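Q: Handing over coords.cif, mmCIF, C-alpha atoms.
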```
data_work
#
loop_
_atom_site.label_atom_id
_atom_site.label_comp_id
_atom_site.auth_asym_id
_atom_site.auth_seq_id
_atom_site.Cartn_x
_atom_site.Cartn_y
_atom_site.Cartn_z
CA MET V 38 0.00 0.00 0.00
CA GLN V 39 2.75 2.41 1.00
CA ARG V 40 4.58 1.57 -2.16
CA TRP V 41 1.48 2.44 -4.19
CA ILE V 42 1.15 5.77 -2.45
CA LEU V 43 4.80 6.48 -3.09
CA THR V 44 4.39 5.55 -6.73
CA ILE V 45 1.38 7.80 -7.10
CA CYS V 46 3.24 10.66 -5.43
CA LEU V 47 6.14 10.17 -7.79
CA ILE V 48 3.84 10.15 -10.79
CA MET V 49 2.16 13.32 -9.59
CA ALA V 50 5.49 14.96 -8.90
CA ALA V 51 6.59 14.05 -12.38
CA GLY V 52 3.34 15.32 -13.85
CA PRO V 53 4.39 18.53 -15.58
CA LEU V 54 7.52 16.99 -17.07
CA PRO V 55 7.20 15.46 -20.49
CA ALA V 56 7.64 11.72 -20.71
CA ALA V 57 10.96 11.10 -22.32
CA PRO V 58 13.75 8.58 -22.38
CA ASP V 59 15.63 8.28 -19.08
CA MET V 60 19.02 9.90 -19.06
CA THR V 61 22.24 8.48 -17.75
CA ARG V 62 25.44 10.21 -16.71
CA ILE V 63 28.52 9.89 -18.89
CA SER V 64 31.75 10.82 -17.12
CA ALA V 65 34.33 13.11 -18.67
CA ALA V 66 36.67 11.15 -20.90
CA GLU V 67 39.16 11.26 -23.70
CA PHE V 68 39.16 9.16 -26.81
CA ARG V 69 40.87 8.81 -30.16
CA SER V 70 38.64 9.86 -33.04
CA VAL V 71 38.84 8.89 -36.71
CA LEU V 72 38.50 12.60 -37.42
CA THR V 73 41.75 14.56 -37.41
CA ILE V 74 41.35 18.23 -36.55
CA ASP V 75 44.41 20.47 -36.54
CA GLY V 76 46.54 17.34 -36.59
CA GLN V 77 44.85 15.99 -33.47
CA ARG V 78 42.82 12.80 -33.16
CA GLN V 79 42.56 12.94 -29.39
CA ARG V 80 39.26 14.40 -28.15
CA ALA V 81 38.08 15.30 -24.68
CA ILE V 82 34.46 15.38 -23.59
CA GLU V 83 33.07 16.92 -20.43
CA THR V 84 30.73 15.03 -18.14
CA PHE V 85 27.21 15.07 -19.59
CA HIS V 86 23.90 13.23 -19.50
CA MET V 87 22.42 11.34 -22.40
CA ASP V 88 19.10 9.67 -23.17
CA ARG V 89 19.44 5.93 -22.70
CA GLY V 90 17.23 5.30 -25.69
CA GLN V 91 16.23 7.13 -28.84
CA VAL V 92 13.26 9.49 -28.75
CA SER V 93 10.10 7.58 -29.68
CA ASN V 94 7.09 8.60 -31.74
CA ALA V 95 5.08 8.78 -28.50
CA ASP V 96 7.68 11.11 -26.95
CA TYR V 97 7.64 13.25 -30.05
CA LEU V 98 3.83 13.33 -30.09
CA GLU V 99 3.89 15.05 -26.70
CA PHE V 100 6.14 17.70 -28.14
CA VAL V 101 4.02 18.48 -31.19
CA THR V 102 0.90 18.41 -29.01
CA ALA V 103 2.44 21.07 -26.79
CA VAL V 104 4.12 23.05 -29.58
CA PRO V 105 1.76 23.33 -32.57
CA ARG V 106 4.31 24.99 -34.86
CA TRP V 107 6.13 21.64 -35.07
CA ARG V 108 3.07 19.67 -36.19
CA ARG V 109 3.37 18.06 -39.59
CA SER V 110 0.94 20.40 -41.34
CA ARG V 111 2.50 23.51 -39.84
CA ALA V 112 6.25 22.96 -39.83
CA ALA V 113 7.88 25.56 -42.06
CA ASP V 114 9.60 24.35 -45.25
CA LEU V 115 12.67 26.21 -44.08
CA PHE V 116 13.03 23.80 -41.15
CA ALA V 117 11.89 20.43 -42.47
CA ALA V 118 11.58 18.69 -45.82
CA ASP V 119 8.19 17.68 -47.21
CA SER V 120 8.53 14.18 -45.80
CA TYR V 121 8.62 15.48 -42.19
CA LEU V 122 6.74 12.91 -40.06
CA ASP V 123 5.71 11.24 -43.29
CA HIS V 124 4.96 7.95 -41.51
CA TRP V 125 2.36 9.44 -39.17
CA HIS V 126 -1.34 9.31 -40.00
CA SER V 127 -1.96 12.94 -39.18
CA ASP V 128 -0.72 15.83 -37.07
CA LEU V 129 -1.50 14.15 -33.76
CA ASP V 130 -1.83 10.50 -34.79
CA THR V 131 1.35 8.49 -34.98
CA GLY V 132 -0.50 5.56 -36.53
CA PRO V 133 -0.85 2.06 -35.11
CA ASP V 134 2.11 0.41 -33.38
CA GLN V 135 4.31 3.46 -33.87
CA GLY V 136 4.32 4.85 -30.33
CA SER V 137 7.30 3.00 -28.90
CA ARG V 138 9.34 3.00 -32.09
CA PRO V 139 12.05 5.62 -32.58
CA VAL V 140 10.72 8.74 -34.25
CA THR V 141 12.11 9.20 -37.77
CA HIS V 142 11.42 11.62 -40.62
CA VAL V 143 12.60 14.45 -38.39
CA SER V 144 14.93 17.20 -39.52
CA TRP V 145 17.89 18.53 -37.55
CA PHE V 146 15.85 21.63 -36.73
CA ALA V 147 12.97 19.50 -35.45
CA ALA V 148 15.22 17.25 -33.37
CA SER V 149 16.96 20.29 -31.97
CA ALA V 150 13.66 21.98 -31.11
CA TYR V 151 12.39 18.84 -29.37
CA CYS V 152 15.50 18.64 -27.18
CA GLN V 153 15.30 22.34 -26.32
CA TRP V 154 11.68 21.85 -25.34
CA ARG V 155 12.95 19.26 -22.86
CA ASP V 156 15.56 21.75 -21.63
CA ALA V 157 18.20 19.61 -23.29
CA ARG V 158 20.13 19.61 -26.55
CA LEU V 159 21.37 17.19 -29.16
CA PRO V 160 24.60 15.40 -28.23
CA THR V 161 27.71 16.80 -29.86
CA GLU V 162 29.39 14.68 -32.50
CA ASP V 163 32.25 13.94 -30.10
CA GLU V 164 29.87 12.95 -27.30
CA TRP V 165 27.88 10.69 -29.59
CA GLU V 166 30.94 9.05 -31.07
CA TYR V 167 32.50 8.49 -27.65
CA VAL V 168 29.38 6.68 -26.47
CA ALA V 169 29.16 4.78 -29.76
CA ARG V 170 32.55 3.23 -29.02
CA ALA V 171 31.50 1.93 -25.64
CA GLY V 172 29.54 -0.97 -27.06
CA MET V 173 32.41 -2.22 -29.20
CA PRO V 174 34.19 -5.45 -28.37
CA GLU V 175 37.91 -5.57 -27.66
CA ALA V 176 39.08 -8.74 -29.35
CA ALA V 177 40.16 -8.31 -32.96
CA SER V 178 37.99 -11.11 -34.34
CA GLU V 179 34.89 -9.81 -32.58
CA ARG V 180 35.64 -6.29 -33.75
CA ARG V 181 35.85 -7.53 -37.32
CA GLN V 182 32.57 -9.38 -36.95
CA ARG V 183 30.92 -6.27 -35.48
CA ALA V 184 32.26 -4.16 -38.33
CA TYR V 185 30.69 -6.50 -40.88
CA GLU V 186 27.37 -6.31 -39.08
CA LEU V 187 27.51 -2.53 -39.11
CA PHE V 188 28.51 -2.47 -42.79
CA ALA V 189 25.51 -4.66 -43.51
CA TRP V 190 23.22 -2.35 -41.56
CA TYR V 191 24.59 0.84 -43.12
CA SER V 192 24.21 -0.69 -46.58
CA ASP V 193 20.62 -1.68 -45.99
CA PRO V 194 19.18 0.05 -42.94
CA ARG V 195 15.81 -1.06 -41.81
CA ALA V 196 13.15 1.57 -42.35
CA GLU V 197 9.93 -0.23 -41.42
CA ASN V 198 8.64 -2.27 -38.52
CA LEU V 199 11.42 -0.98 -36.34
CA PRO V 200 11.82 -2.46 -32.86
CA ALA V 201 10.91 -0.23 -29.91
CA ALA V 202 13.32 2.53 -28.93
CA GLY V 203 15.43 1.38 -26.01
CA SER V 204 14.66 -2.29 -26.58
CA GLY V 205 18.17 -3.24 -27.62
CA PRO V 206 20.69 -4.38 -25.00
CA ALA V 207 22.40 -1.68 -22.93
CA ASP V 208 26.09 -1.09 -23.59
CA ALA V 209 28.80 -0.60 -20.97
CA LEU V 210 27.63 2.97 -20.35
CA GLY V 211 23.99 1.96 -19.94
CA ILE V 212 22.96 3.32 -23.35
CA HIS V 213 20.75 1.47 -25.83
CA ASP V 214 20.60 1.35 -29.62
CA MET V 215 23.59 3.45 -30.63
CA HIS V 216 23.88 1.05 -33.56
CA GLY V 217 21.40 -0.98 -35.54
CA LEU V 218 18.12 0.86 -34.99
CA VAL V 219 18.19 4.25 -36.73
CA LEU V 220 20.94 6.80 -37.35
CA GLU V 221 20.96 9.89 -35.18
CA TRP V 222 21.36 13.64 -35.50
CA VAL V 223 24.10 15.35 -33.55
CA GLU V 224 24.29 19.01 -32.59
CA ASP V 225 27.36 20.10 -34.56
CA TYR V 226 27.32 17.56 -37.34
CA ARG V 227 28.74 19.88 -39.98
CA SER V 228 31.09 21.92 -37.88
CA SER V 229 34.24 20.08 -38.95
CA LEU V 230 33.40 18.24 -42.15
CA GLY V 231 31.38 19.70 -44.95
CA PRO V 232 29.66 18.11 -47.91
CA PRO V 233 31.68 17.60 -51.10
CA GLY V 234 32.10 20.82 -53.00
CA ASP V 235 31.50 22.98 -49.97
CA ASP V 236 33.64 26.05 -50.41
CA TYR V 237 35.02 25.79 -46.93
CA ALA V 238 38.57 26.81 -47.76
CA GLY V 239 37.27 29.95 -49.44
CA ASN V 240 34.94 31.16 -46.77
CA VAL V 241 36.43 30.23 -43.43
CA ILE V 242 39.43 31.73 -41.83
CA SER V 243 41.06 28.57 -40.62
CA CYS V 244 39.03 25.85 -42.28
CA GLY V 245 38.10 24.30 -38.96
CA GLY V 246 41.82 24.02 -38.64
CA SER V 247 42.14 21.29 -41.14
CA ALA V 248 39.76 18.43 -40.70
CA SER V 249 40.11 15.09 -42.39
CA LEU V 250 39.08 11.52 -41.83
CA ALA V 251 42.02 9.34 -40.89
CA PRO V 252 42.61 6.33 -43.14
CA SER V 253 42.61 3.07 -41.25
CA SER V 254 42.94 -0.62 -41.92
CA GLU V 255 40.72 -1.35 -38.94
CA PRO V 256 37.25 -2.34 -40.18
CA LEU V 257 35.47 -0.69 -37.25
CA ASP V 258 37.29 2.57 -37.94
CA GLN V 259 36.23 2.32 -41.56
CA VAL V 260 32.61 1.96 -40.49
CA THR V 261 33.03 5.00 -38.27
CA VAL V 262 34.47 6.97 -41.19
CA MET V 263 31.36 6.07 -43.19
CA ARG V 264 29.20 7.43 -40.40
CA TYR V 265 31.03 10.76 -40.27
CA ALA V 266 30.87 11.06 -44.04
CA THR V 267 27.16 10.27 -44.09
CA ARG V 268 26.39 12.91 -41.50
CA ALA V 269 28.27 15.53 -43.51
CA LEU V 270 25.95 14.84 -46.45
CA LEU V 271 22.78 15.58 -44.53
CA GLU V 272 21.06 18.90 -45.02
CA PRO V 273 19.62 20.22 -41.77
CA THR V 274 16.15 19.94 -43.30
CA THR V 275 16.67 16.30 -44.33
CA THR V 276 14.04 13.86 -43.09
CA THR V 277 14.41 10.14 -43.74
CA ALA V 278 12.95 6.85 -42.54
CA THR V 279 16.29 5.80 -41.06
CA LEU V 280 17.27 8.91 -39.14
CA GLY V 281 16.17 9.81 -35.61
CA PHE V 282 17.84 11.24 -32.51
CA ARG V 283 18.27 11.29 -28.76
CA CYS V 284 18.97 14.22 -26.44
CA ALA V 285 21.76 15.16 -24.06
CA ARG V 286 22.31 17.74 -21.37
CA ASP V 287 25.33 19.35 -19.70
CA GLY V 288 25.93 18.17 -16.19
CA ASP V 289 28.30 16.86 -13.62
CA MET G 36 38.15 21.50 -49.99
CA ARG G 37 40.33 19.72 -47.49
CA CYS G 38 37.56 19.96 -44.99
CA ALA G 39 34.90 18.55 -47.25
CA ILE G 40 34.46 14.82 -47.35
CA PRO G 41 35.88 13.03 -50.39
CA VAL G 42 33.31 12.50 -53.11
CA PHE G 43 33.98 8.78 -53.34
CA LEU G 44 32.67 8.31 -49.83
CA MET G 45 29.23 9.33 -51.07
CA LEU G 46 29.03 5.98 -52.83
CA PHE G 47 29.09 4.20 -49.51
CA THR G 48 26.88 6.55 -47.66
CA LEU G 49 23.93 6.80 -50.00
CA PRO G 50 22.06 3.73 -48.76
CA LEU G 51 21.92 5.36 -45.35
CA LEU G 52 19.86 8.14 -46.77
CA ALA G 53 17.19 5.76 -47.98
CA GLY G 54 13.58 6.41 -47.23
CA GLN G 55 13.38 10.07 -48.08
CA GLY G 56 9.79 10.12 -49.17
CA HIS G 57 8.69 12.90 -51.47
CA ASP G 58 5.10 11.94 -51.97
CA ARG G 59 3.43 14.21 -49.46
CA HIS G 60 3.17 17.84 -50.37
CA ALA G 61 0.08 18.71 -48.38
CA MET G 62 1.81 21.37 -46.35
CA GLN G 63 0.22 24.44 -44.88
CA PRO G 64 -1.09 27.24 -47.08
CA ALA G 65 1.78 29.55 -47.87
CA ALA G 66 2.53 31.99 -45.08
CA ALA G 67 3.45 35.58 -45.89
CA ALA G 68 7.15 34.72 -46.28
CA PRO G 69 7.76 31.00 -46.01
CA ASP G 70 11.51 31.47 -46.54
CA SER G 71 11.92 34.09 -43.85
CA VAL G 72 14.69 33.36 -41.37
CA TYR G 73 12.61 35.43 -38.94
CA GLN G 74 10.51 32.31 -38.38
CA ILE G 75 13.31 31.19 -36.14
CA GLU G 76 12.76 31.67 -32.45
CA GLY G 77 15.46 31.81 -29.83
CA ASN G 78 16.72 33.62 -26.81
CA TRP G 79 18.47 36.77 -27.92
CA ARG G 80 19.51 39.98 -26.21
CA ASP G 81 21.03 43.08 -27.77
CA GLN G 82 24.01 45.08 -26.52
CA HIS G 83 21.71 46.95 -24.13
CA GLY G 84 20.57 43.68 -22.57
CA ALA G 85 17.09 43.99 -24.07
CA PRO G 86 15.50 40.68 -25.10
CA LEU G 87 14.46 40.52 -28.73
CA GLN G 88 13.41 38.19 -31.54
CA LEU G 89 14.90 38.32 -35.02
CA LYS G 90 11.47 39.13 -36.38
CA ASP G 91 11.79 42.50 -34.61
CA PHE G 92 13.99 43.47 -37.58
CA THR G 93 11.01 43.11 -39.92
CA GLY G 94 10.34 46.16 -42.06
CA GLY G 95 13.65 47.04 -43.65
CA PRO G 96 16.74 45.48 -45.16
CA VAL G 97 19.32 43.95 -42.81
CA VAL G 98 22.93 42.92 -43.28
CA LEU G 99 23.93 40.24 -40.78
CA THR G 100 27.01 38.24 -39.96
CA MET G 101 28.18 35.99 -37.11
CA VAL G 102 31.38 36.85 -35.23
CA TYR G 103 32.76 36.85 -31.68
CA THR G 104 34.48 39.64 -29.81
CA GLY G 105 37.58 37.63 -28.93
CA CYS G 106 38.31 37.26 -32.63
CA ALA G 107 41.23 39.38 -33.76
CA THR G 108 41.52 38.40 -37.40
CA ALA G 109 38.42 37.67 -39.46
CA CYS G 110 35.72 39.31 -37.37
CA PRO G 111 36.94 42.91 -37.57
CA ILE G 112 37.10 42.48 -41.34
CA LEU G 113 33.55 41.11 -41.43
CA THR G 114 32.40 44.05 -39.32
CA HIS G 115 34.20 46.41 -41.65
CA ASP G 116 32.58 44.68 -44.63
CA LEU G 117 29.15 45.55 -43.19
CA GLN G 118 30.28 49.17 -42.98
CA ARG G 119 31.53 49.01 -46.57
CA ILE G 120 28.14 47.76 -47.73
CA ASN G 121 26.57 50.67 -45.86
CA HIS G 122 28.94 53.17 -47.46
CA ALA G 123 28.39 51.73 -50.92
CA LEU G 124 24.71 52.55 -50.55
CA GLY G 125 25.46 56.22 -50.13
CA ASN G 126 22.43 58.05 -48.91
CA HIS G 127 20.04 55.81 -50.75
CA HIS G 128 16.50 56.64 -49.56
CA GLY G 129 18.10 58.25 -46.53
CA GLN G 130 17.34 55.23 -44.36
CA PRO G 131 20.06 53.90 -42.09
CA LEU G 132 20.83 50.31 -42.96
CA ARG G 133 20.32 47.88 -40.06
CA LYS G 134 23.60 46.08 -39.35
CA VAL G 135 23.47 43.00 -37.11
CA LEU G 136 26.38 41.16 -35.53
CA VAL G 137 25.41 37.87 -33.88
CA SER G 138 27.98 36.45 -31.51
CA LEU G 139 29.09 32.83 -31.88
CA ASP G 140 30.41 32.84 -28.31
CA HIS G 141 27.54 32.15 -25.90
CA GLU G 142 29.91 31.81 -22.95
CA ARG G 143 31.82 35.07 -23.05
CA ASP G 144 29.92 37.52 -25.24
CA THR G 145 27.44 38.94 -22.75
CA PRO G 146 25.47 42.07 -23.69
CA SER G 147 27.85 44.22 -21.64
CA ARG G 148 30.85 42.76 -23.41
CA LEU G 149 29.16 43.37 -26.75
CA MET G 150 28.48 46.96 -25.66
CA ASP G 151 32.18 47.41 -24.83
CA TYR G 152 33.05 46.01 -28.23
CA ALA G 153 30.58 48.38 -29.90
CA ARG G 154 32.11 51.36 -28.11
CA GLN G 155 35.67 50.33 -28.99
CA ARG G 156 34.78 49.90 -32.63
CA GLY G 157 32.53 52.89 -33.11
CA LEU G 158 29.43 50.71 -33.46
CA ASP G 159 27.61 52.22 -30.51
CA ARG G 160 24.90 53.62 -32.75
CA PRO G 161 21.21 52.89 -33.13
CA ASP G 162 21.65 51.24 -36.55
CA TRP G 163 23.92 48.52 -35.11
CA SER G 164 22.56 45.52 -33.20
CA LEU G 165 24.97 43.18 -31.46
CA LEU G 166 23.21 40.04 -30.33
CA SER G 167 24.09 37.48 -27.71
CA GLY G 168 22.18 34.24 -27.61
CA ASP G 169 22.23 30.89 -25.87
CA ARG G 170 24.04 27.89 -27.27
CA GLY G 171 21.01 26.40 -29.01
CA SER G 172 19.82 29.67 -30.55
CA ILE G 173 23.25 30.41 -32.00
CA ARG G 174 23.66 26.91 -33.44
CA GLU G 175 20.18 27.01 -34.95
CA LEU G 176 20.67 30.39 -36.65
CA ALA G 177 24.11 29.41 -37.95
CA THR G 178 22.75 26.15 -39.32
CA LEU G 179 19.91 27.97 -41.02
CA LEU G 180 22.26 30.49 -42.63
CA GLY G 181 24.79 27.80 -43.60
CA ILE G 182 27.47 29.15 -41.27
CA ARG G 183 29.72 26.42 -39.89
CA TYR G 184 31.69 26.98 -36.73
CA ARG G 185 33.58 25.01 -34.17
CA GLN G 186 35.15 25.96 -30.86
CA LEU G 187 38.94 25.71 -30.78
CA PRO G 188 40.97 24.46 -27.81
CA ASP G 189 42.01 28.04 -26.98
CA GLY G 190 38.34 29.07 -26.63
CA GLY G 191 38.21 30.83 -29.98
CA TYR G 192 36.18 29.69 -32.96
CA SER G 193 36.85 28.76 -36.52
CA HIS G 194 33.88 29.79 -38.59
CA SER G 195 32.54 30.50 -42.05
CA ASN G 196 32.91 34.09 -43.14
CA LEU G 197 29.48 34.82 -44.45
CA ILE G 198 27.41 37.97 -44.69
CA VAL G 199 23.73 37.73 -45.55
CA VAL G 200 21.45 40.44 -46.89
CA LEU G 201 17.89 40.02 -45.65
CA ASP G 202 14.88 41.74 -47.13
CA GLU G 203 12.16 43.48 -45.14
CA LYS G 204 10.55 40.12 -44.33
CA GLY G 205 13.74 38.33 -43.38
CA VAL G 206 14.21 36.41 -46.63
CA ILE G 207 17.83 35.96 -47.70
CA ARG G 208 18.47 38.07 -50.82
CA HIS G 209 22.23 37.67 -51.03
CA ARG G 210 25.06 35.71 -49.43
CA GLN G 211 28.58 36.99 -49.51
CA ALA G 212 31.31 34.52 -48.59
CA GLY G 213 34.84 35.58 -47.78
CA LEU G 214 36.62 38.55 -46.26
CA GLY G 215 37.12 41.97 -47.76
CA GLU G 216 35.37 40.98 -50.98
CA PRO G 217 33.81 43.57 -53.30
CA VAL G 218 30.52 44.71 -51.82
CA ASP G 219 28.78 45.95 -54.99
CA THR G 220 26.48 42.94 -55.28
CA ALA G 221 25.53 43.04 -51.61
CA ALA G 222 24.84 46.77 -51.83
CA GLU G 223 22.78 46.18 -54.96
CA ALA G 224 20.75 43.55 -53.08
CA VAL G 225 20.06 46.07 -50.31
CA ARG G 226 19.05 48.67 -52.89
CA SER G 227 16.60 46.31 -54.53
CA VAL G 228 14.98 45.70 -51.14
CA LEU G 229 14.73 49.44 -50.50
CA ASP G 230 13.29 50.03 -53.97
CA GLY G 231 10.60 47.47 -53.31
CA PRO G 232 9.03 44.90 -55.60
CA GLU G 233 7.78 47.56 -58.06
CA ASN G 234 11.31 48.58 -59.04
CA PRO G 235 13.47 45.49 -58.76
#
```
Would you mind writing the file's structure down as structure tokens?
A:
Amino acid sequence: MQRWILTICLIMAAGPLPAAPDMTRISAAEFRSVLTIDGQRQRAIETFHMDRGQVSNADYLEFVTAVPRWRRSRAADLFAADSYLDHWHSDLDTGPDQGSRPVTHVSWFAASAYCQWRDARLPTEDEWEYVARAGMPEAASERRQRAYELFAWYSDPRAENLPAAGSGPADALGIHDMHGLVLEWVEDYRSSLGPPGDDYAGNVISCGGSASLAPSSEPLDQVTVMRYATRALLEPTTTTATLGFRCARDGD
Amino acid sequence: MRCAIPVFLMLFTLPLLAGQGHDRHAMQPAAAAPDSVYQIEGNWRDQHGAPLQLKDFTGGPVVLTMVYTGCATACPILTHDLQRINHALGNHHGQPLRKVLVSLDHERDTPSRLMDYARQRGLDRPDWSLLSGDRGSIRELATLLGIRYRQLPDGGYSHSNLIVVLDEKGVIRHRQAGLGEPVDTAAEAVRSVLDGPENP
């Protein structure tokens, strides 16, 4: 009985907050990136908090319910492509069986706005990539096997009948689905690498220092290079069936 | 080009972009200016500490760029380029051109610091707006304008050098990339805004 009362109190206390993926704390760390910036591959991240799972359609529905300008029929062309929330039935109807699945068909602007609504932000590219490494095995043969699995997924990502967000096994940091469910937006995805043909050298003072993807014979590094390159190709208005997001927040 | 990804990598990455449907075009009826960057919201304050929205600039042409006050090299040139555009206009229509500097540095560029900067640089005038914003607002505006930036280990930023000319509704009429470039085209874009749609 007491437990019930406690539960009810907790639910009431949590009332005004939007339902959202739980967050977990990621301690400050350093790691070696495949991206060389100013001759450096070593990156440092500050302690932060990150959603354990990807944002679901049900989570996103709460957002567009509260913030009408982000509903499908109202979102400005400037901020989202025509296929924004294409898989939903209508403005406030995610369609059957969609609720727990990761939300897709969301632009960078939409993902960013959702996280800000939750008083959070998108993870930085470095934060995301650091966490993405946590689930990787150590032994060379297992790493090779994992690389092949990721190659297979990147070559033919699943776009329909996705499993529920957060339903995959947790990695060493307590985070789910960094790989294998849908790709994810990051906050500063074009800050270092631009799309091909981008006149970066002509219009920046120091060209982000000089950024380049480090060649590697390690299959997992090659997969990671693909991921960086793919992100650089995305327009911030892009919406696809295989691209979602999760949120992060500063913290200690 | 060194900072752009190699073209051959596109071959590998394309499958990841699958599922971009283009079959639904039932969007809202066209708003007054669907391309207006003033649709963006955000938390902004000017050099006087007054909160504002970008849409408050509605009504006249604007030249805008993104800089930070700790920047000793590119940013003063960008600021000067805004002045050059202004000078190139002469006394066209007698209206002062609105010049907007948006800071990239949400940590250090407070309104009071922007005010100091304005005083040092002779920008402490009503036709200059120096904006400070929060991290998300700055990233969102930069992304919308196509300005890329990244914080450097020393706390500075590397960033695109881009000036945009906005019309009276906040629609981008011209983008000028680079530093100290000729400003004729930008000034012409401002003039066409001032002349209105009847005399393009």
Q: Using all atoms listed in the file, find the one residue out of G:Leu139, G:Leu187, G:Leu132, G:Ile112 that sits nearest to Gly94 of chain G.
A: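 Using all atoms listed in the file, the shortest distance to Gly94 of chain G belongs to G:Leu132.
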Q: With distances taken over only C-alpha atoms, which residue among V:Ala66, V:Thr73, V:Ala113, V:Arg268 lies nearest Tyr73 of chain G?
A: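 That would be V:Ala113, the residue with the smallest distance to Tyr73 of chain G.
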Q: Convert the output of the PyMOL selection byres ((chain G and resi 117-123) around 8) on the shown file into explicit residues, formatted as a list of chain:residue names.
A: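 Going through the file, the PyMOL selection byres ((chain G and resi 117-123) around 8) ends up selecting G:Val98, G:Leu99, G:Leu113, G:Thr114, G:His115, G:Asp116, G:Leu124, G:Gly125, G:Leu132, G:Lys134, G:Ile198, G:Val218, G:Asp219, G:Ala221, G:Ala222.
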Q: Point out the residue among G:Leu149, G:Gly190, G:Gly171, G:Thr100 with the least atom-to-atom distance to Cys152 of chain V, counting all atoms listed in the file.
A: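 Using all atoms listed in the file, Cys152 of chain V sits closest to G:Gly171.
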Q: Name every residue that the PyMOL selection byres ((chain G and resi 145) around 9) selects in this structure, writing the answer as a CSV table (one decimal) with C-alpha atoms, in the frame of the given file with chains first and numbers rising.
A:
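So the final result, stored in part-v9.csv, reads:
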```
chain,number,residue,atom,x,y,z
G,80,ARG,CA,19.5,40.0,-26.2
G,82,GLN,CA,24.0,45.1,-26.5
G,84,GLY,CA,20.6,43.7,-22.6
G,140,ASP,CA,30.4,32.8,-28.3
G,141,HIS,CA,27.5,32.2,-25.9
G,142,GLU,CA,29.9,31.8,-23.0
G,143,ARG,CA,31.8,35.1,-23.0
G,144,ASP,CA,29.9,37.5,-25.2
G,146,PRO,CA,25.5,42.1,-23.7
G,147,SER,CA,27.8,44.2,-21.6
G,148,ARG,CA,30.8,42.8,-23.4
G,149,LEU,CA,29.2,43.4,-26.8
G,150,MET,CA,28.5,47.0,-25.7
G,166,LEU,CA,23.2,40.0,-30.3
G,167,SER,CA,24.1,37.5,-27.7
G,168,GLY,CA,22.2,34.2,-27.6
```
Q: Can you tell me, as a ChimeraX atom specification, what residues are no more than 12 Å from Leu176 of chain G when counting all atoms listed in the file, ignoring any on the same chain fewer than 6 positions away?
A: /V:115-116,146,149,273 /G:71-79,88-89,99-101,137-139,166-170,182-184,199
Q: Have a look at atom CA of Arg154 of chain G and atom CA of Leu180 of chain G and let me know their distance in Å, one decimal.
A: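 Calculated distance between atom CA of Arg154 of chain G and atom CA of Leu180 of chain G is 27.3 Å.
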Q: Selected by the PyMOL selection byres ((chain V and resi 224) around 7) in the shown coordinates: which residues, as a list in words?
A: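 After applying the PyMOL selection byres ((chain V and resi 224) around 7), what remains is Leu159, Pro160, Thr161, Glu162, Trp222, Val223, Asp225 and Tyr226 of chain V.
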Q: Could those selected residues go to a file with C-alpha atoms, as a compact mmCIF listing (two decimals), keeping the file's coordinate frame?
A:
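Just written: result.txt:
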```
# COMPACT_ATOMS: atom_id res chain seq x y z
CA LEU V 159 21.37 17.19 -29.16
CA PRO V 160 24.60 15.40 -28.23
CA THR V 161 27.71 16.80 -29.86
CA GLU V 162 29.39 14.68 -32.50
CA TRP V 222 21.36 13.64 -35.50
CA VAL V 223 24.10 15.35 -33.55
CA ASP V 225 27.36 20.10 -34.56
CA TYR V 226 27.32 17.56 -37.34
```
Q: Which value, in Å to one decimal, gives the distance between atom CA of Val102 of chain G and atom CA of Asp70 of chain G?
A: 23.5 Å
